[in-house]
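Next up, input.cif (mmCIF, C-alpha atoms):
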data_run
#
loop_
_atom_site.label_atom_id
_atom_site.label_comp_id
_atom_site.auth_asym_id
_atom_site.auth_seq_id
_atom_site.Cartn_x
_atom_site.Cartn_y
_atom_site.Cartn_z
CA MET A 23 0.00 0.00 0.00
CA LEU A 24 1.17 3.53 -0.83
CA THR A 25 1.48 5.45 2.43
CA GLN A 26 3.20 8.64 1.27
CA THR A 27 2.60 11.21 -1.44
CA THR A 28 3.60 9.75 -4.76
CA SER A 29 2.66 9.72 -8.42
CA ARG A 30 2.57 6.81 -10.85
CA VAL A 31 1.00 5.66 -14.10
CA LEU A 32 -2.38 4.11 -13.33
CA GLU A 33 -3.16 0.55 -14.39
CA PRO A 34 -6.43 -1.19 -15.35
CA SER A 35 -6.83 -2.38 -11.77
CA ASP A 36 -7.05 1.27 -10.64
CA LEU A 37 -10.24 1.85 -12.65
CA ASP A 38 -12.70 2.14 -9.75
CA ALA A 39 -10.50 4.63 -7.91
CA ALA A 40 -10.02 6.66 -11.10
CA LEU A 41 -13.77 6.77 -11.79
CA ALA A 42 -14.35 7.96 -8.21
CA VAL A 43 -12.01 10.92 -8.82
CA LEU A 44 -13.67 11.73 -12.15
CA ASP A 45 -17.09 11.57 -10.52
CA ARG A 46 -16.19 14.38 -8.11
CA ASP A 47 -16.80 16.89 -10.94
CA PRO A 48 -18.79 15.16 -13.68
CA VAL A 49 -19.17 18.35 -15.73
CA ALA A 50 -15.54 19.51 -15.82
CA ASN A 51 -14.29 15.93 -16.19
CA ALA A 52 -16.79 14.81 -18.84
CA PHE A 53 -14.23 14.58 -21.65
CA VAL A 54 -11.84 12.30 -19.77
CA ALA A 55 -14.59 10.39 -17.95
CA ALA A 56 -16.24 9.48 -21.25
CA ARG A 57 -12.96 8.06 -22.58
CA VAL A 58 -12.20 6.14 -19.40
CA GLN A 59 -15.70 4.64 -19.23
CA ILE A 60 -15.29 3.30 -22.78
CA ALA A 61 -11.59 2.37 -22.82
CA GLY A 62 -10.60 1.80 -19.19
CA LEU A 63 -7.04 2.70 -18.18
CA ASP A 64 -5.04 0.58 -20.62
CA PRO A 65 -2.86 3.22 -22.38
CA TRP A 66 -3.23 1.64 -25.82
CA ARG A 67 -7.05 1.70 -25.68
CA LEU A 68 -7.23 5.01 -23.81
CA GLY A 69 -4.96 6.80 -26.27
CA GLY A 70 -2.55 7.91 -23.55
CA GLU A 71 -1.43 7.35 -19.98
CA MET A 72 -3.37 8.30 -16.87
CA TRP A 73 -1.08 9.63 -14.17
CA GLY A 74 -2.25 9.36 -10.58
CA TRP A 75 -1.29 11.34 -7.48
CA TYR A 76 -1.69 9.68 -4.10
CA GLU A 77 -2.05 11.30 -0.67
CA ASP A 78 -1.66 8.82 2.21
CA GLY A 79 -2.33 5.94 -0.14
CA ILE A 80 -5.52 7.43 -1.61
CA LEU A 81 -5.81 8.50 -5.25
CA THR A 82 -6.76 12.20 -5.10
CA SER A 83 -5.65 13.75 -8.42
CA MET A 84 -5.01 12.59 -11.97
CA CYS A 85 -3.63 13.84 -15.27
CA TYR A 86 -4.52 12.43 -18.68
CA ALA A 87 -1.46 12.45 -20.95
CA GLY A 88 -2.46 11.77 -24.54
CA ALA A 89 -3.11 14.08 -27.50
CA ASN A 90 -4.04 16.57 -24.78
CA LEU A 91 -2.55 16.98 -21.32
CA VAL A 92 -5.50 17.31 -18.93
CA PRO A 93 -5.17 17.86 -15.15
CA ILE A 94 -8.06 16.34 -13.21
CA CYS A 95 -8.98 17.48 -9.66
CA ALA A 96 -5.29 18.40 -9.41
CA THR A 97 -4.01 19.88 -6.14
CA PRO A 98 -0.95 22.16 -6.16
CA ARG A 99 1.34 19.30 -5.09
CA ALA A 100 -0.16 17.02 -7.70
CA VAL A 101 0.40 19.67 -10.38
CA ARG A 102 4.09 19.84 -9.46
CA ALA A 103 4.40 16.06 -9.68
CA PHE A 104 2.61 15.98 -13.04
CA ALA A 105 4.84 18.78 -14.38
CA ASP A 106 7.96 16.83 -13.35
CA ARG A 107 6.66 13.73 -15.12
CA ALA A 108 5.70 15.72 -18.22
CA ARG A 109 9.12 17.36 -18.42
CA ARG A 110 10.86 13.98 -18.21
CA ALA A 111 8.61 12.49 -20.89
CA GLY A 112 8.92 15.48 -23.24
CA ARG A 113 6.02 17.17 -24.98
CA ARG A 114 3.87 14.77 -26.98
CA CYS A 115 0.56 16.63 -26.73
CA SER A 116 -0.93 19.26 -29.02
CA SER A 117 -2.52 21.14 -26.12
CA ILE A 118 -2.86 21.44 -22.37
CA VAL A 119 -6.50 21.92 -21.41
CA GLY A 120 -8.47 21.72 -18.19
CA PRO A 121 -9.78 23.72 -15.23
CA ALA A 122 -8.17 27.15 -15.42
CA GLU A 123 -6.43 27.22 -12.05
CA SER A 124 -4.63 23.87 -12.28
CA THR A 125 -3.92 24.28 -16.00
CA ALA A 126 -2.35 27.70 -15.40
CA ALA A 127 -0.17 26.26 -12.62
CA LEU A 128 0.88 23.35 -14.82
CA TRP A 129 1.76 25.68 -17.70
CA ARG A 130 3.83 27.97 -15.44
CA LEU A 131 5.99 24.96 -14.57
CA LEU A 132 6.22 23.61 -18.12
CA GLU A 133 6.59 26.83 -20.11
CA PRO A 134 10.38 27.19 -19.56
CA GLN A 135 10.92 23.84 -21.34
CA TRP A 136 7.84 23.56 -23.55
CA GLY A 137 7.26 27.18 -24.51
CA PRO A 138 6.50 29.26 -26.31
CA ALA A 139 2.93 28.14 -26.98
CA ARG A 140 1.26 28.99 -30.27
CA GLU A 141 -1.63 30.46 -28.28
CA VAL A 142 -2.78 30.63 -24.66
CA ARG A 143 -6.50 31.00 -23.93
CA ALA A 144 -6.35 31.82 -20.26
CA ARG A 145 -10.07 31.91 -19.52
CA GLN A 146 -12.77 29.89 -21.26
CA PRO A 147 -16.03 30.02 -19.28
CA LEU A 148 -17.49 26.57 -18.52
CA LEU A 149 -21.26 26.68 -19.01
CA VAL A 150 -24.02 24.25 -18.06
CA THR A 151 -27.76 23.82 -18.27
CA ASP A 152 -30.20 21.09 -17.30
CA ARG A 153 -33.35 22.43 -18.96
CA MET A 154 -34.77 23.75 -22.19
CA PRO A 155 -34.98 27.53 -22.64
CA ASP A 156 -38.30 29.29 -22.12
CA THR A 157 -37.79 31.92 -24.79
CA VAL A 158 -36.03 30.12 -27.68
CA ALA A 159 -37.87 27.52 -29.75
CA PRO A 160 -35.72 24.67 -31.14
CA ASP A 161 -35.03 24.89 -34.87
CA PRO A 162 -37.24 22.13 -36.35
CA TYR A 163 -34.83 21.68 -39.25
CA VAL A 164 -31.85 20.71 -37.09
CA ARG A 165 -31.54 16.92 -37.10
CA ARG A 166 -29.08 14.08 -36.72
CA VAL A 167 -26.58 13.83 -39.55
CA ARG A 168 -26.96 10.58 -41.49
CA LYS A 169 -24.02 8.31 -42.26
CA ASP A 170 -24.41 8.95 -45.99
CA GLU A 171 -23.96 12.71 -45.31
CA LEU A 172 -20.42 12.40 -43.95
CA GLU A 173 -18.86 14.00 -47.03
CA THR A 174 -21.34 16.87 -46.80
CA ILE A 175 -20.69 17.63 -43.14
CA MET A 176 -16.90 17.21 -43.28
CA PRO A 177 -16.04 20.60 -44.91
CA ALA A 178 -18.10 22.38 -42.23
CA CYS A 179 -16.26 20.43 -39.50
CA VAL A 180 -12.89 21.34 -41.02
CA ALA A 181 -13.90 25.01 -41.29
CA MET A 182 -15.06 25.09 -37.66
CA PHE A 183 -11.88 23.43 -36.38
CA THR A 184 -9.62 25.73 -38.42
CA GLU A 185 -11.46 28.85 -37.20
CA GLU A 186 -11.46 27.66 -33.59
CA VAL A 187 -7.96 26.22 -33.23
CA GLY A 188 -6.06 28.21 -35.84
CA VAL A 189 -4.68 25.23 -37.76
CA SER A 190 -6.32 22.77 -40.14
CA PRO A 191 -7.18 19.31 -38.76
CA LEU A 192 -6.08 17.95 -42.16
CA ALA A 193 -2.42 18.80 -41.48
CA GLY A 194 -0.01 16.06 -40.43
CA ASP A 195 -1.76 12.79 -41.23
CA GLY A 196 -3.92 14.22 -44.02
CA GLY A 197 -6.87 14.38 -41.66
CA LEU A 198 -7.28 10.63 -41.13
CA LEU A 199 -7.69 10.87 -37.35
CA TYR A 200 -10.01 13.85 -37.60
CA GLN A 201 -12.16 12.22 -40.28
CA ALA A 202 -12.39 9.08 -38.16
CA ARG A 203 -13.55 11.15 -35.17
CA VAL A 204 -16.23 12.94 -37.22
CA ALA A 205 -17.38 9.60 -38.65
CA GLU A 206 -17.58 8.19 -35.11
CA LEU A 207 -19.80 11.07 -33.95
CA VAL A 208 -22.04 10.75 -37.03
CA GLY A 209 -22.24 6.97 -36.61
CA SER A 210 -23.20 7.26 -32.93
CA GLY A 211 -25.95 9.79 -33.64
CA ARG A 212 -24.18 12.67 -31.89
CA SER A 213 -23.67 14.95 -34.92
CA PHE A 214 -26.43 17.47 -35.71
CA ALA A 215 -26.97 19.94 -38.54
CA ARG A 216 -29.38 22.08 -40.47
CA PHE A 217 -29.06 21.84 -44.25
CA ASP A 218 -30.42 24.33 -46.79
CA ALA A 219 -32.49 23.38 -49.85
CA ASP A 220 -29.30 22.69 -51.82
CA GLY A 221 -27.90 20.38 -49.13
CA ASN A 222 -25.34 22.87 -47.78
CA VAL A 223 -24.66 23.04 -44.04
CA VAL A 224 -26.24 26.11 -42.39
CA PHE A 225 -25.61 25.15 -38.72
CA LYS A 226 -23.89 22.23 -37.05
CA ALA A 227 -22.81 21.00 -33.62
CA GLU A 228 -21.84 17.73 -31.97
CA ILE A 229 -22.22 16.10 -28.58
CA GLY A 230 -18.54 15.29 -28.22
CA ALA A 231 -18.22 13.71 -24.79
CA ALA A 232 -20.98 11.86 -23.00
CA THR A 233 -21.39 10.04 -19.70
CA ASP A 234 -24.54 9.15 -17.80
CA ARG A 235 -23.97 12.24 -15.62
CA ALA A 236 -23.12 14.94 -18.18
CA CYS A 237 -22.40 15.58 -21.83
CA GLN A 238 -20.50 18.29 -23.66
CA ILE A 239 -21.55 20.12 -26.83
CA GLN A 240 -18.69 21.01 -29.16
CA GLY A 241 -18.02 22.14 -32.72
CA VAL A 242 -20.79 24.74 -32.88
CA TRP A 243 -20.61 26.44 -36.28
CA VAL A 244 -22.79 28.64 -38.47
CA ALA A 245 -21.98 29.08 -42.16
CA PRO A 246 -20.49 32.58 -42.63
CA GLU A 247 -23.28 33.74 -44.97
CA HIS A 248 -25.89 32.89 -42.31
CA ARG A 249 -24.20 34.56 -39.34
CA GLY A 250 -26.09 37.36 -37.62
CA ARG A 251 -29.44 36.00 -38.84
CA GLY A 252 -30.61 34.31 -35.64
CA VAL A 253 -29.64 30.78 -36.70
CA ALA A 254 -27.41 29.84 -33.76
CA ALA A 255 -29.78 30.07 -30.77
CA PRO A 256 -32.61 27.94 -32.23
CA GLY A 257 -29.97 25.51 -33.52
CA MET A 258 -28.43 25.21 -30.08
CA ALA A 259 -31.87 24.75 -28.53
CA ALA A 260 -32.50 21.86 -30.94
CA VAL A 261 -29.21 20.15 -30.07
CA LEU A 262 -29.91 20.76 -26.38
CA ARG A 263 -33.28 19.03 -26.72
CA TYR A 264 -31.63 15.95 -28.22
CA ALA A 265 -28.91 15.98 -25.55
CA LEU A 266 -31.28 16.21 -22.58
CA ALA A 267 -33.72 13.65 -24.01
CA ASP A 268 -31.25 11.04 -25.22
CA VAL A 269 -27.84 11.53 -23.60
CA ALA A 270 -27.48 13.07 -20.13
CA PRO A 271 -29.34 15.19 -17.54
CA VAL A 272 -26.75 17.99 -17.64
CA VAL A 273 -25.32 19.59 -20.79
CA SER A 274 -22.12 21.63 -20.78
CA LEU A 275 -19.74 23.43 -23.09
CA TYR A 276 -16.86 25.86 -22.79
CA VAL A 277 -16.33 28.97 -24.86
CA ASN A 278 -13.59 31.51 -25.46
CA ASP A 279 -14.21 34.56 -23.27
CA PHE A 280 -13.59 36.87 -26.23
CA ASN A 281 -16.25 35.19 -28.43
CA THR A 282 -19.04 37.67 -27.71
CA PRO A 283 -21.59 36.39 -30.28
CA ALA A 284 -21.26 32.80 -29.02
CA ARG A 285 -21.53 33.85 -25.38
CA ARG A 286 -24.66 35.86 -26.17
CA THR A 287 -26.18 32.82 -27.93
CA TYR A 288 -25.44 30.44 -25.04
CA ASP A 289 -26.82 32.92 -22.54
CA LYS A 290 -30.01 33.22 -24.60
CA VAL A 291 -30.43 29.42 -24.59
CA GLY A 292 -30.07 29.32 -20.79
CA PHE A 293 -26.51 28.18 -20.16
CA ARG A 294 -25.00 29.51 -16.93
CA GLU A 295 -21.35 29.83 -15.97
CA VAL A 296 -20.05 27.39 -13.34
CA GLY A 297 -16.27 27.65 -13.78
CA ALA A 298 -13.55 28.25 -16.32
CA PHE A 299 -11.21 26.19 -18.49
CA MET A 300 -7.85 27.19 -19.93
CA SER A 301 -6.22 25.97 -23.13
CA VAL A 302 -2.55 26.11 -24.14
CA LEU A 303 -2.21 25.37 -27.87
CA PHE A 304 1.05 24.23 -29.49
#
Starting from the coordinates I provided, produce the structure as structure tokens.
Amino acid sequence: MLTQTTSRVLEPSDLDAALAVLDRDPVANAFVAARVQIAGLDPWRLGGEMWGWYEDGILTSMCYAGANLVPICATPRAVRAFADRARRAGRRCSSIVGPAESTAALWRLLEPQWGPAREVRARQPLLVTDRMPDTVAPDPYVRRVRKDELETIMPACVAMFTEEVGVSPLAGDGGLLYQARVAELVGSGRSFARFDADGNVVFKAEIGAATDRACQIQGVWVAPEHRGRGVAAPGMAAVLRYALADVAPVVSLYVNDFNTPARRTYDKVGFREVGAFMSVLF
């Protein structure tokens, strides 16, 4: 038994303890919790290692180290341990993302070796809702994307990602991983869109992470020629209706603090702020 403070890579046998940590904040931890519930803690299936921090033999904090580095319920001492481990391993992730306080502390420790970042988004409000809005009717034309519409939705997904992140998801591997992820969301019924009469995408969004406690909307995008026309709020209300009915009792998302139109839309649909994320992009 571990009796002192220590960190180590978690193993499949640590699953129950890891899920207990994730369950302490089901909204903030939805992304990692969804992966762990599907894949367990085996690094090959999980797509990365899960680092654990123990206090008096009890798992109290974790850090997912895969394509993203994500601190989870991380105390200041845990953050220092995770930073030491990350420095020794070298940077393999494309971003550090998580609750703002622990992510900022982690980045302060890693920046001397890993910096400079391509971009730091220091405050991204974390929003939640558990009910439909009273004043915004769902867009009746927003529906699940069908599997045979994958080629139609893909350019909109690429445009959204490029606008949001600042680089194309098709770089590197030619977009194979990204296309596989979009296909997975379409195939699981978690991709939604409104199409115009010519079959072009007007609005789209996905439910990216989902557990039985909470789910997270991502990839919200309105075609440039339709922006400012009141498309986004009814579209979000439609996706919210699907999410609450079919996926989880609480729906969340996080947004850049400088994205005023998006924040206005989410406020209109009834999302309320419960915390903040931070993203460091490489």
Selection: 7 Å around stretch 223-230 of chain A, all atoms listed in the file, excl. self and same-chain fewer than 3 positions, as number ranges by chain: A: 175, 178, 212-218, 237-245, 248, 257
Residues near A:Ala89, cut-off 7 Å, all atoms listed in the file, skip fewer than 2 positions along chain, as a PyMOL selection string: chain A and resi 87+91+115-116
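With all atoms listed in the file as the atoms that count, the residue of A:Gly196, A:Gly74, A:Pro134, A:Gly79 with the shortest distance to A:Thr97 is A:Gly74.
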Evaluate the PyMOL selection byres ((chain A and resi 301) around 9) and report residues as number ranges by chain: A: 117-122, 125-126, 141-146, 299-300, 302-303
Counting all atoms listed in the file, what is within 6 Å of A:Cys85, bar same-chain residues fewer than 3 positions away, as a PDB file with C-alpha atoms, keeping the file's coordinate frame?
ATOM      1  CA  MET A  72      -3.370   8.300 -16.870  1.00  0.00           C
ATOM      2  CA  TRP A  73      -1.080   9.630 -14.170  1.00  0.00           C
ATOM      3  CA  VAL A  92      -5.500  17.310 -18.930  1.00  0.00           C
ATOM      4  CA  PRO A  93      -5.170  17.860 -15.150  1.00  0.00           C
ATOM      5  CA  ILE A  94      -8.060  16.340 -13.210  1.00  0.00           C
TER       6      ILE A  94
END
Contacts of A:Tyr200 within 12 Å, all atoms listed in the file, excl. fewer than 5 positions in-chain, as a PyMOL selection string: chain A and resi 176-177+179-180+183-184+190-195+205-207
Spatial neighbours of A:Trp75, max dist 7 Å, all atoms listed in the file, sep filter under 3 positions, as JSON, numbers by chain: {"A": [28, 29, 30, 81, 82, 83, 84, 100]}
Output C-alpha atoms of each residue in that selection to a file, as a PDB file, keeping the file's coordinate frame.
ATOM      1  CA  THR A  28       3.600   9.750  -4.760  1.00  0.00           C
ATOM      2  CA  SER A  29       2.660   9.720  -8.420  1.00  0.00           C
ATOM      3  CA  ARG A  30       2.570   6.810 -10.850  1.00  0.00           C
ATOM      4  CA  LEU A  81      -5.810   8.500  -5.250  1.00  0.00           C
ATOM      5  CA  THR A  82      -6.760  12.200  -5.100  1.00  0.00           C
ATOM      6  CA  SER A  83      -5.650  13.750  -8.420  1.00  0.00           C
ATOM      7  CA  MET A  84      -5.010  12.590 -11.970  1.00  0.00           C
ATOM      8  CA  ALA A 100      -0.160  17.020  -7.700  1.00  0.00           C
TER       9      ALA A 100
END
Best match for closeness to A:Val261 among A:Arg114, A:Arg166, A:Arg107, A:Arg285, counting all atoms listed in the file: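 Looking only at the distances to A:Val261, the closest residue turns out to be A:Arg166.
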Distance of atom CA of A:Ala232 from atom CA of A:Ala56, expressed in Å to one decimal place: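 Answer for the atom CA of A:Ala56 to atom CA of A:Ala232 separation: 5.6 Å.
Picture a line from atom CA of A:Glu186 to atom CA of A:Phe304; it runs 13.6 Å.
Take atom CA of A:Leu32 and atom CA of A:Pro65: the distance between them is 9.1 Å.
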Hits from the PyMOL selection byres ((chain A and resi 128) around 9), listed as a list in words: Pro93, Pro98, Val101, Arg102, Phe104, Ala105, Ile118, Glu123, Ser124, Thr125, Ala126, Ala127, Trp129, Arg130, Leu131, Leu132 and Glu133 of chain A
Taking C-alpha atoms for each residue, export the selection above as a PDB file, in the coordinates of the input.
ATOM      1  CA  PRO A  93      -5.170  17.860 -15.150  1.00  0.00           C
ATOM      2  CA  PRO A  98      -0.950  22.160  -6.160  1.00  0.00           C
ATOM      3  CA  VAL A 101       0.400  19.670 -10.380  1.00  0.00           C
ATOM      4  CA  ARG A 102       4.090  19.840  -9.460  1.00  0.00           C
ATOM      5  CA  PHE A 104       2.610  15.980 -13.040  1.00  0.00           C
ATOM      6  CA  ALA A 105       4.840  18.780 -14.380  1.00  0.00           C
ATOM      7  CA  ILE A 118      -2.860  21.440 -22.370  1.00  0.00           C
ATOM      8  CA  GLU A 123      -6.430  27.220 -12.050  1.00  0.00           C
ATOM      9  CA  SER A 124      -4.630  23.870 -12.280  1.00  0.00           C
ATOM     10  CA  THR A 125      -3.920  24.280 -16.000  1.00  0.00           C
ATOM     11  CA  ALA A 126      -2.350  27.700 -15.400  1.00  0.00           C
ATOM     12  CA  ALA A 127      -0.170  26.260 -12.620  1.00  0.00           C
ATOM     13  CA  TRP A 129       1.760  25.680 -17.700  1.00  0.00           C
ATOM     14  CA  ARG A 130       3.830  27.970 -15.440  1.00  0.00           C
ATOM     15  CA  LEU A 131       5.990  24.960 -14.570  1.00  0.00           C
ATOM     16  CA  LEU A 132       6.220  23.610 -18.120  1.00  0.00           C
ATOM     17  CA  GLU A 133       6.590  26.830 -20.110  1.00  0.00           C
TER      18      GLU A 133
END
Top pick for closest residue to A:Trp66, considering A:Pro48, A:Gly88, A:Pro271, A:Gly112 and counting all atoms listed in the file: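 Smallest separation from A:Trp66 among the options: A:Gly88.
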Expected selection from the PyMOL selection byres ((chain A and resi 148) around 9), given as a list in words: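 This file gives the following for the PyMOL selection byres ((chain A and resi 148) around 9): Val49, Ala50, Pro121, Gln146, Pro147, Leu149, Val150, Ser274, Leu275, Tyr276, Val277, Arg294, Glu295, Val296, Gly297, Ala298 and Phe299 of chain A.
The closest residue to A:Leu262, picked from A:Gly62, A:Gly221, A:Pro155, A:Gly188 and counting all atoms listed in the file, is A:Pro155.
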Shortest interatomic distance to A:Ala39 - which of A:Ile80, A:Ala254, A:Cys95, A:Thr287, counting only C-alpha atoms: A:Ile80
